[in-house]
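Novice: Before anything else, here's the structure in question.
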2 protein chains.
Amino acid sequence: MGRRPDMERIEEVADLRRVLAPVRADGRRIGLVPTMGALHRGHLSHVPLLLAHADLVVMSVFVNPLQFGPGEDFERYPRSLEDDAKLAEEAGVDLLFCPQVTTLYPPGSETLVELPDLSSQLEGAVRPTHFRGVATVVAKLLNIVRPDLASFGQKDLQQLLVVRRLVSDLHFDVQILAVPTAREPDGLALSSRNAYLGADDRREAAALNRACRAGFDAVAAGERAASRVEAVMAEVLNGFPRVRPDYAVVRRLDDLKPMTVVSGRAAVLVAARVGSTRLLDNLVMDVTPDGVREIRG
Amino acid sequence: MGRRPDMERIEEVADLRRVLAPVRADGRRIGLVPTMGALHRGHLSHVPLLLAHADLVVMSVFVNPLQFGPGEDFERYPRSLEDDAKLAEEAGVDLLFCPQVTTLYPPGSETLVELPDLSSQLEGAVRPTHFRGVATVVAKLLNIVRPDLASFGQKDLQQLLVVRRLVSDLHFDVQILAVPTAREPDGLALSSRNAYLGADDRREAAALNRACRAGFDAVAAGERAASRVEAVMAEVLNGFPRVRPDYAVVRRLDDLKPMTVVSGRAAVLVAARVGSTRLLDNLVMDVTPDGVREIRG
């Protein structure tokens with residue numbers, strides 16, 4: 001990594017803009033990875049993917065209070081900025097943007113970005129203000145960094161779709177890169193919240209991926225009735241006593257609306273509590289008359 | 001005006017971006033005047049003010065359906081693109097951006113920008129979805145044009161405050177320029193909706209400015225009780241039988257909240273129907289122990 005200078009750590013919007021202005025003036029392309037910190041291999045995998053299209057990578061680390069509902073885990077969400085900074089620098093991040101809450105939400109600020117339809121499905125039904133929080137902070141980060149491209153993990157599939165919709169609707173001039181889900185050997189999708197899992201919960205946490213995989217396999221084997229695909233997924237989850245599903249469904253990819261017959265671009269999605277930890281997983285597929293293909297990223 | 005090439009008229013986002021990219025790459029500054037067309041001297045006065053700070057002026061002409069409520073005048077709002085284009089070119093506009101409704105609101109788009117607090121006051125109380133429509137279209141226009149500065153008329157004072165709040169909250173990197181209200185000789189604030197006024201209504205329409213002026217004069221003469229300032233304004237409006245006020249108030253400038261004692265930066269604001277036409281006016285002032293000063297722009 002000798003060619004890259006040391007990573008710079010920046011807290012203030014004006015400082016970030018000052019550093020990025022000459023980069024932009026030189027015609028160099030800027031990539032952004034928005035994170036809430038507690039970095040794992042999944043987050044770090046964004047960096048080389050962005051560097052294939054960008055000359056400089058900004059990673060933001062910000063635990064966004066607006067996307068947590070009352071009684072959710074905002075207070076105890078893992079924060080590890082020193083470790084994050086080391087990992088980010090090793091991964092090739094050029095600038096770490098880690099603003100204070102009052103920088104992104106100063107007293108008197110009130111503007112909210114809402115996607116009433118996409119936000120009412122699935123995660124939005126369980127967490128009614130979550131995607132408003134995501135959309136609002138993403139709009140702020142895109143305006144602050146003005147990246148040429150920004151990456152979002154496929155693991156949070158509905159968030160990825162909200163961001164794509166937001167960018168398209170508000171005409172942000174940025175390309176959105178979807179990054180495939182990183183997994184543990186047993187299939188568990190990497191998530192900062194996996195740190196909450198006790199040993200017993202951890203053993204059962206791969207159930208989400210197994211249910212998604214079973215749903216995908218059913219479609220790949222020729223099942224096209226959404227209700228039967230979902231029954232297969234529910235049955236897998238039933239085999240894990242510590243897992244309490246919120247949903248286990250097959251949906252259209254573009255708007256996450258239900259389908260009767262599985263066809264075209266579709267996703268199987270699971271959300272469940274494992275012990276007291278809420279986890280998500282999904283697989284995305286393209287279902288054509290010629291067969292079924294998994295889409296990663 | 002010989003130094004300026006002919007004004008270009010553009011409908012598509014991609015075309016506008018293609019024209020503006022080299023301007024931005026040259027380090028030339030871009031100014032934006034967002035309008036709904038039906039241009040009058042008030043709109044045109046933005047252009048020289050912007051050209052004092054910008055190298056190139058984009059004017060948008062877009063009658064934004066989202067800021068009209070049910071039963072309002074979206075359908076009959078005056079549209080006069082050919083006349084507007086002539087006036088804009090004569091005033092020194094470089095690019096006229098006049099998108100179709102489906103360009104800014106394609107099927108499936110749903111993202112809304114909301115300012116729940118500022119939008120609930122005054123105009124927002126009468127027109128509950130109006131400022132959501134304004135904030136959403138301004139966010140789109142700022143992302144499409146990416147201006148260095150953008151101008152808004154002081155005549156629509158609450159809109160100007162909504163835009164300033166939106167820009168600050170979402171960290172848009174743009175300077176907002178307030179443009180003083182242009183007036184007819186009798187004080188009537190210029191508005192595209194003045195075209196709706198019949199002769200009888202037109203004669204009474206200056207009542208709004210007279211009420212604002214009476215409120216301002218009361219404060220300038222030493223009155224500091226907001227209730228008495230508002231009583232003075234109401235009395236003026238009472239003298240005009242065709243004028244039915246929605247409000248006639250004195251408010252803090254920054255958030256338009258009520259005050260008991262008038263002090264600091266404040267505004268007198270009037271909204272009224274004159275016949276069937278709804279009109280607005282306001283004056284802004286700075287009230288200090290040394291005296292009262294009108295703020296224009």
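Each chain in the structure tokens gets a letter, A, B, ..., in the order shown, and its residues are numbered from 1; ligands are numbered from 1 in order too.
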Return the neighbours of chain B among the residues of chain A, cut-off 7 Å, counting only C-alpha atoms, as number ranges by chain.
Specialist: A: 25, 109-116, 139-140, 143-144, 166, 169-173
Novice: Excluding Leu39 of chain B and residues on its chain fewer than 4 positions from it, collect all residues at most 9 Å away from it, counting only C-alpha atoms, and give them as a list of chain:residue names.
Specialist: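 The residues that qualify are B:Thr35, B:His43, B:Leu44, B:Ser80, B:Asp83, B:Asp84, B:Leu87, B:Ala88, B:Ser191, B:Ser192.
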Novice: Next, the residues of the selection above should be written as an mmCIF file, in the first residue's frame with C-alpha atoms.
Specialist:
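So again-v7.cif came out as:
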data_model
loop_
_atom_site.group_PDB
_atom_site.id
_atom_site.type_symbol
_atom_site.label_atom_id
_atom_site.label_comp_id
_atom_site.auth_asym_id
_atom_site.auth_seq_id
_atom_site.Cartn_x
_atom_site.Cartn_y
_atom_site.Cartn_z
ATOM 1 C CA THR B 35 -39.315 29.952 -11.147
ATOM 2 C CA HIS B 43 -38.224 37.362 -11.337
ATOM 3 C CA LEU B 44 -36.032 39.218 -13.816
ATOM 4 C CA SER B 80 -46.357 31.456 -21.070
ATOM 5 C CA ASP B 83 -42.867 35.013 -23.579
ATOM 6 C CA ASP B 84 -40.846 33.787 -20.586
ATOM 7 C CA LEU B 87 -37.851 37.943 -21.190
ATOM 8 C CA ALA B 88 -35.266 35.601 -19.657
ATOM 9 C CA SER B 191 -46.827 38.061 -8.268
ATOM 10 C CA SER B 192 -47.750 35.891 -11.227
#
Novice: What are the DSSP strand (DSSP E) residues of segment 26-260 of chain B, as a PyMOL selection string?
Specialist: chain B and resi 30-35+56-61+95-97+112-114+149-153+175-179+243-252
Novice: Fewer than 4 positions away in the same chain doesn't count, so skip those; otherwise give me all residues within 12 Å of Arg29 of chain A, counting only C-alpha atoms, as a VMD selection string.
Specialist: chain A and resid 20 to 25 50 to 58 145 to 150 174 to 175
Novice: Can you tell me how far atom CA of Arg28 of chain B sits from atom CA of Arg41 of chain B, in Å to one decimal?
Specialist: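 We find that atom CA of Arg28 of chain B and atom CA of Arg41 of chain B lie 26.6 Å from each other.
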Novice: Applying 7 Å and only C-alpha atoms, which residues near Val61 of chain A remain after dropping the ones on its own chain fewer than 3 positions away? List them as an MDAnalysis selection string.
Specialist: chainID A and resid 34:37 97:98
Novice: Considering only C-alpha atoms, state which residue in the set B:Leu269, B:Val163, B:Leu280, B:Val243 is at the smallest distance from Glu230 of chain B.
Specialist: B:Leu269
Novice: Could you pull out all residues of segment 177-283 of chain A with a DSSP call of helix (DSSP H, G or I) and give them as a ChimeraX atom specification?
Specialist: /A:192-196,199-204,207-220,226-238
Novice: For Ala226 of chain A, work out the shell of residues within 10 Å, counting only C-alpha atoms and skipping chain neighbours fewer than 5 positions away, then give it as a VMD selection string.
Specialist: chain A and resid 215 219 231 to 232 249 to 251 258 to 263 268
Novice: For the residues in the current selection, export N, CA and C atoms as a CSV table (one decimal), in the first residue's frame.
Specialist:
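Wrote it out as out.csv, contents follow:
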chain,number,residue,atom,x,y,z
A,215,GLY,N,-35.3,-21.2,0.2
A,215,GLY,CA,-36.3,-20.5,-0.7
A,215,GLY,C,-35.7,-20.4,-2.1
A,219,VAL,N,-37.1,-22.3,-5.7
A,219,VAL,CA,-37.3,-21.6,-7.0
A,219,VAL,C,-36.5,-22.2,-8.1
A,231,ALA,N,-43.5,-21.0,2.4
A,231,ALA,CA,-43.7,-22.1,3.4
A,231,ALA,C,-42.4,-22.9,3.6
A,232,VAL,N,-41.6,-23.1,2.6
A,232,VAL,CA,-40.3,-23.8,2.7
A,232,VAL,C,-39.4,-23.0,3.6
A,249,VAL,N,-40.0,-14.1,3.3
A,249,VAL,CA,-40.9,-13.9,2.2
A,249,VAL,C,-40.1,-13.9,0.9
A,250,VAL,N,-40.8,-14.0,-0.2
A,250,VAL,CA,-40.2,-13.8,-1.6
A,250,VAL,C,-41.0,-12.6,-2.1
A,251,ARG,N,-40.2,-11.6,-2.7
A,251,ARG,CA,-40.8,-10.4,-3.2
A,251,ARG,C,-40.2,-10.0,-4.5
A,258,PRO,N,-45.3,-7.9,-2.9
A,258,PRO,CA,-45.6,-9.4,-3.0
A,258,PRO,C,-45.8,-9.8,-4.4
A,259,MET,N,-45.5,-11.0,-4.7
A,259,MET,CA,-45.9,-11.6,-6.0
A,259,MET,C,-46.7,-12.9,-5.7
A,260,THR,N,-47.5,-13.3,-6.6
A,260,THR,CA,-48.2,-14.6,-6.5
A,260,THR,C,-47.3,-15.7,-7.1
A,261,VAL,N,-46.8,-15.3,-8.3
A,261,VAL,CA,-46.0,-16.2,-9.1
A,261,VAL,C,-44.6,-15.6,-9.2
A,262,VAL,N,-43.6,-16.4,-8.8
A,262,VAL,CA,-42.2,-15.9,-8.8
A,262,VAL,C,-41.7,-15.8,-10.2
A,263,SER,N,-41.3,-14.6,-10.6
A,263,SER,CA,-40.7,-14.4,-12.0
A,263,SER,C,-39.9,-13.1,-12.0
A,268,VAL,N,-35.5,-13.3,-1.9
A,268,VAL,CA,-36.0,-13.9,-0.7
A,268,VAL,C,-35.4,-13.2,0.5
Novice: Kindly indicate which residue among B:Arg278, B:Lys155, B:Arg9, B:Arg224 lies nearest to Asn194 of chain B, using only C-alpha atoms for the distances.
Specialist: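 Of B:Arg278, B:Lys155, B:Arg9, B:Arg224, the one nearest Asn194 of chain B is B:Arg278, counting only C-alpha atoms.
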Novice: What is the distance, in Å and to one decimal place, between atom CA of Ser151 of chain B and atom CA of Val179 of chain B?
Specialist: 6.7 Å
Novice: For segment 202-207 of chain B, please output as a list in words all residues within 6 Å (counting only C-alpha atoms; exclusion window: fewer than 4 positions along the same chain).
Specialist: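 Near segment 202-207 of chain B, the qualifying residues are Gly187, Leu188, Leu197 and Gly198 of chain B.
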Novice: Please compute the atom CA of Arg242 of chain A-atom CA of Glu184 of chain A distance, one decimal, in Å.
Specialist: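 Pair atom CA of Arg242 of chain A / atom CA of Glu184 of chain A returns 19.1 Å.
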Novice: Determine the nearest neighbour of Ala38 of chain B from the options B:Gly239, B:Pro65, B:Pro5, B:Pro78, counting only C-alpha atoms.
Specialist: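 For Ala38 of chain B, the nearest of the given residues is B:Pro78.
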